[in-house]
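Participant: Hey, dropping run-v3.txt in here, compact mmCIF, C-alpha atoms:
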```txt
# COMPACT_ATOMS: atom_id res chain seq x y z
CA MET A 1 127.62 90.45 152.12
CA SER A 2 124.46 89.94 150.06
CA VAL A 3 124.01 90.80 146.37
CA ILE A 4 121.73 93.69 147.22
CA GLN A 5 124.26 95.27 149.54
CA GLN A 6 126.99 95.08 146.85
CA HIS A 7 125.18 97.64 144.66
CA THR A 8 126.17 101.16 145.41
CA GLN A 9 123.97 104.22 145.10
CA ALA A 10 125.63 105.08 141.74
CA SER A 11 124.72 101.73 140.22
CA LEU A 12 121.04 102.16 141.17
CA SER A 13 120.64 105.42 139.25
CA ASP A 14 117.94 106.11 136.66
CA ALA A 15 120.39 105.96 133.74
CA TRP A 16 118.68 102.87 132.35
CA ARG A 17 115.67 105.03 131.43
CA THR A 18 117.70 106.95 128.85
CA ILE A 19 118.52 103.87 126.77
CA ASN A 20 116.69 103.86 123.44
CA ILE A 21 115.45 100.28 123.21
CA ASP A 22 114.24 100.76 119.63
CA ALA A 23 117.79 101.43 118.46
CA LEU A 24 118.79 97.97 119.70
CA ASP A 25 115.88 96.17 118.00
CA PRO A 26 116.81 95.09 114.43
CA ASP A 27 113.13 95.21 113.36
CA SER A 28 112.65 98.76 114.60
CA SER A 29 111.68 101.55 112.22
CA GLN A 30 114.78 103.45 113.33
CA ASN A 31 116.98 100.92 111.56
CA PHE A 32 115.50 101.44 108.10
CA ASP A 33 114.08 104.30 106.07
CA THR A 34 110.28 104.24 106.38
CA SER A 35 109.92 106.29 103.19
CA THR A 36 110.82 103.12 101.26
CA LEU A 37 107.50 101.63 102.34
CA HIS A 38 105.73 104.02 99.98
CA PRO A 39 107.57 104.25 96.67
CA PRO A 40 107.46 107.70 95.10
CA LEU A 41 104.67 108.23 92.60
CA PRO A 42 105.28 110.14 89.38
CA GLU A 43 103.85 113.64 89.50
CA ILE A 44 101.30 114.37 86.81
CA SER A 45 101.06 117.97 85.67
CA GLU A 46 97.94 119.81 84.55
CA PRO A 47 98.91 119.78 80.85
CA GLU A 48 99.34 116.00 81.03
CA VAL A 49 95.92 115.67 82.68
CA ARG A 50 94.33 117.90 80.02
CA GLN A 51 95.92 115.77 77.29
CA LEU A 52 94.67 112.56 78.92
CA ASN A 53 91.20 114.04 79.40
CA SER A 54 90.98 115.12 75.76
CA ALA A 55 91.98 111.60 74.65
CA VAL A 56 89.31 110.13 76.93
CA ARG A 57 86.67 112.53 75.60
CA GLN A 58 87.70 111.62 72.04
CA LEU A 59 87.06 107.94 72.85
CA LEU A 60 83.74 108.89 74.40
CA ARG A 61 82.69 110.86 71.29
CA GLY A 62 83.74 107.89 69.16
CA GLY A 63 81.30 105.65 71.06
CA ASP A 64 83.93 103.67 72.98
CA ALA A 65 82.61 104.23 76.50
CA GLU A 66 84.50 101.23 77.91
CA GLY A 67 87.76 102.45 76.40
CA ALA A 68 87.13 105.90 77.84
CA LEU A 69 86.48 104.44 81.28
CA ARG A 70 89.59 102.26 81.06
CA GLY A 71 91.62 105.29 79.97
CA CYS A 72 90.51 107.20 83.06
CA LEU A 73 91.14 104.31 85.43
CA GLU A 74 94.50 103.22 83.99
CA SER A 75 95.97 106.67 84.60
CA PRO A 76 94.76 107.87 88.00
CA VAL A 77 96.18 111.15 89.28
CA TYR A 78 97.76 110.13 92.58
CA ASN A 79 100.47 112.76 92.70
CA GLY A 80 99.51 116.10 91.22
CA SER A 81 98.06 119.47 92.03
CA ASP A 82 94.52 119.76 93.37
CA SER A 83 93.37 121.36 90.13
CA ALA A 84 94.81 118.44 88.12
CA LYS A 85 93.07 115.95 90.40
CA ASP A 86 89.78 117.87 90.16
CA ALA A 87 90.00 118.05 86.36
CA HIS A 88 90.55 114.30 86.11
CA MET A 89 87.75 113.65 88.60
CA GLN A 90 85.41 115.74 86.45
CA THR A 91 86.34 113.66 83.40
CA VAL A 92 85.71 110.41 85.29
CA VAL A 93 82.26 111.63 86.36
CA GLU A 94 81.53 112.75 82.79
CA VAL A 95 82.40 109.27 81.49
CA LEU A 96 80.31 107.56 84.19
CA GLN A 97 77.31 109.78 83.42
CA SER A 98 77.51 108.95 79.71
CA ILE A 99 77.21 105.19 80.22
CA LYS A 100 73.70 103.73 80.24
CA ALA A 101 72.48 101.85 83.32
CA SER A 102 71.95 98.68 81.28
CA GLU A 103 75.61 98.73 80.18
CA MET A 104 77.11 99.17 83.67
CA THR A 105 77.16 95.57 84.91
CA PRO A 106 78.42 93.91 81.68
CA MET A 107 81.11 96.57 81.32
CA LEU A 108 82.25 96.17 84.93
CA GLN A 109 82.32 92.37 84.52
CA ARG A 110 84.53 92.69 81.43
CA ILE A 111 86.87 95.11 83.20
CA TYR A 112 86.97 93.01 86.38
CA GLY A 113 87.70 89.83 84.42
CA SER A 114 90.53 91.35 82.39
CA GLU A 115 94.19 91.46 83.38
CA GLY A 116 94.69 94.13 86.06
CA GLY A 117 90.92 94.47 86.37
CA ILE A 118 90.89 94.32 90.16
CA GLU A 119 93.20 97.36 90.33
CA LEU A 120 90.98 99.24 87.85
CA ILE A 121 87.86 98.50 89.91
CA ASP A 122 89.69 99.69 93.04
CA VAL A 123 90.61 102.95 91.30
CA LEU A 124 86.99 103.36 90.22
CA THR A 125 85.91 102.87 93.83
CA LYS A 126 88.33 105.60 94.93
CA TYR A 127 86.88 107.99 92.36
CA LEU A 128 83.32 107.09 93.40
CA TYR A 129 84.07 107.92 97.04
CA LYS A 130 85.89 111.11 96.11
CA GLY A 131 82.94 112.17 93.96
CA MET A 132 80.47 111.41 96.73
CA SER A 133 82.51 113.34 99.28
CA GLY A 134 82.72 116.34 96.94
CA SER A 135 79.01 116.21 96.17
CA SER A 136 78.03 116.06 99.83
CA SER A 137 79.76 119.38 100.49
CA GLY A 138 77.82 121.05 97.73
CA GLY A 139 79.94 119.97 94.78
CA HIS A 140 81.12 123.49 94.07
CA ARG A 141 83.03 126.28 95.71
CA THR A 142 81.23 129.55 96.22
CA PRO A 143 83.22 132.57 95.09
CA LYS A 144 84.17 134.98 97.86
CA ASN A 145 83.35 138.20 96.00
CA LEU A 146 79.58 137.79 95.58
CA THR A 147 77.43 140.84 96.16
CA PRO A 148 73.77 140.51 97.10
CA GLN A 149 71.26 141.47 94.45
CA VAL A 150 67.95 143.16 95.00
CA THR A 151 66.16 140.14 93.57
CA GLY A 152 67.42 137.97 96.42
CA PHE A 153 68.91 135.43 94.02
CA SER A 154 72.58 134.55 94.04
CA GLN A 155 74.83 135.57 91.17
CA PHE A 156 76.45 132.15 91.28
CA SER A 157 73.83 130.00 89.57
CA SER A 158 71.51 130.73 86.70
CA ARG A 159 68.39 129.85 88.68
CA PRO A 160 67.58 128.84 92.24
CA GLY A 161 68.39 125.19 92.89
CA GLY A 162 70.09 124.72 89.51
CA ALA A 163 73.42 123.66 91.00
CA ASN A 164 71.74 121.37 93.51
CA GLU A 165 69.92 119.52 90.74
CA SER A 166 73.16 118.74 88.86
CA THR A 167 74.82 117.74 92.14
CA GLY A 168 71.91 115.43 92.91
CA THR A 169 72.12 113.88 89.46
CA ALA A 170 75.86 113.29 89.82
CA MET A 171 75.33 111.75 93.26
CA SER A 172 72.65 109.46 91.86
CA VAL A 173 75.00 108.29 89.10
CA LEU A 174 77.84 107.71 91.57
CA LEU A 175 75.59 105.71 93.89
CA SER A 176 74.34 103.59 90.98
CA TRP A 177 77.92 102.83 89.95
CA HIS A 178 78.84 102.03 93.55
CA GLU A 179 76.01 99.51 93.75
CA LYS A 180 77.14 97.84 90.52
CA VAL A 181 80.80 97.76 91.62
CA VAL A 182 79.86 95.99 94.87
CA ASP A 183 77.66 93.54 92.94
CA VAL A 184 80.51 92.66 90.55
CA ALA A 185 83.64 92.92 92.73
CA GLY A 186 82.26 92.40 96.22
CA LEU A 187 83.23 94.24 99.38
CA GLY A 188 86.94 93.67 98.81
CA SER A 189 87.21 96.72 96.57
CA ILE A 190 85.84 98.92 99.36
CA GLU A 191 88.31 97.48 101.86
CA ARG A 192 91.26 97.95 99.51
CA CYS A 193 90.15 101.49 98.70
CA MET A 194 89.92 102.44 102.39
CA THR A 195 93.32 100.98 103.29
CA ASP A 196 95.31 102.14 100.26
CA TRP A 197 97.65 105.04 101.00
CA ARG A 198 97.41 106.36 97.43
CA LYS A 199 94.60 108.91 97.18
CA VAL A 200 93.08 110.28 93.99
```
I'd like the structure from this file rewritten - as structure tokens, please.

Facilitator:
Amino acid sequence: MSVIQQHTQASLSDAWRTINIDALDPDSSQNFDTSTLHPPLPEISEPEVRQLNSAVRQLLRGGDAEGALRGCLESPVYNGSDSAKDAHMQTVVEVLQSIKASEMTPMLQRIYGSEGGIELIDVLTKYLYKGMSGSSSGGHRTPKNLTPQVTGFSQFSSRPGGANESTGTAMSVLLSWHEKVVDVAGLGSIERCMTDWRKV
């Protein structure tokens, strides 16, 4: 009797298809908790963001633009409400707009060359991309309860095109900073920003 003839119909069933191969593999994700790959980030509340933003603005008023920028970048809001993230983003843009174009490159070189500077530049890149994505969609949210006026102008802005001008100015500043970041840190900061799971 041959080996093939020794197998009965019961032994040739499809039961092998129900075996979970991943459970037998020691390197499988079923054998360890995948949440440990991303350690939990501390949640930052709106009052904490307001306190940080006021400290940053105080540095800015005192003439320490680099300290204000470092303050924003050393405490990014990764885990917080959308309003907390938006408030911090607004402060970052305010700091970036207050720095002169001639001071951008030397400041970025000092930050990049300092301890932990690569991480700070990566956080700046994240904020630049977030700012550019917000500006491309108009940079503001239109209220739902607007009523048309007889003049034909919206109640939302003080004059036609006023909001678009400030959005264009912010976009110009963000693009200038992006250019300087790439000049100083290279394309690595863009790659790290795109692959990092922490979002601002």

Participant: Within 8 Å of Ser83 (chain A), counting all atoms listed in the file, which residues qualify if same-chain residues fewer than 3 places away don't, as a list in words?

Facilitator: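 Neighbouring residues, sequence-local ones excluded: Glu46, Asp86 and Ala87 of chain A.
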
Participant: Which residues are close to Leu174 (chain A), i.e. within 10 Å by all atoms listed in the file, leaving aside same-chain residues fewer than 3 positions away? Reply as number ranges by chain.

Facilitator: A: 93, 96-97, 125, 127-132, 135, 168-171, 177-180

Participant: How many Å separate CA of Ser102 (chain A) from CA of Glu191 (chain A)?

Facilitator: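 If I compute the distance from CA of Ser102 (chain A) to CA of Glu191 (chain A), I get 26.3 Å.
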
Participant: Within 8 Å of (91.0, 110.7, 82.7) (coordinates as in the file), grab all the protein and nucleic acid residues, counting all atoms listed in the file, and write them out as a count of residues only.

Facilitator: 15

Participant: Which neighbours of Phe32 (chain A) fall inside 12 Å, counting only C-alpha atoms, when residues of the same chain fewer than 5 positions from it are skipped, and could you give them as number ranges by chain?

Facilitator: A: 22-23, 25-27, 37

Participant: Taking only C-alpha atoms into account, which of A:Ala185, A:Val173, A:Ile19, A:Val95 comes nearest Ile118 (chain A)?

Facilitator: A:Ala185

Participant: With all atoms listed in the file as the basis for distance, which of A:Leu175, A:Val184, A:Leu24, A:Leu41 is at the shortest distance from Gly80 (chain A)?

Facilitator: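 Closest to Gly80 (chain A), using all atoms listed in the file: A:Leu41.
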
Participant: Which is closest to Ala84 (chain A) among A:Glu43, A:Asp33, A:Asp183, A:Asp196, if we use all atoms listed in the file?

Facilitator: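 Of all the options, A:Glu43 lies closest to Ala84 (chain A).
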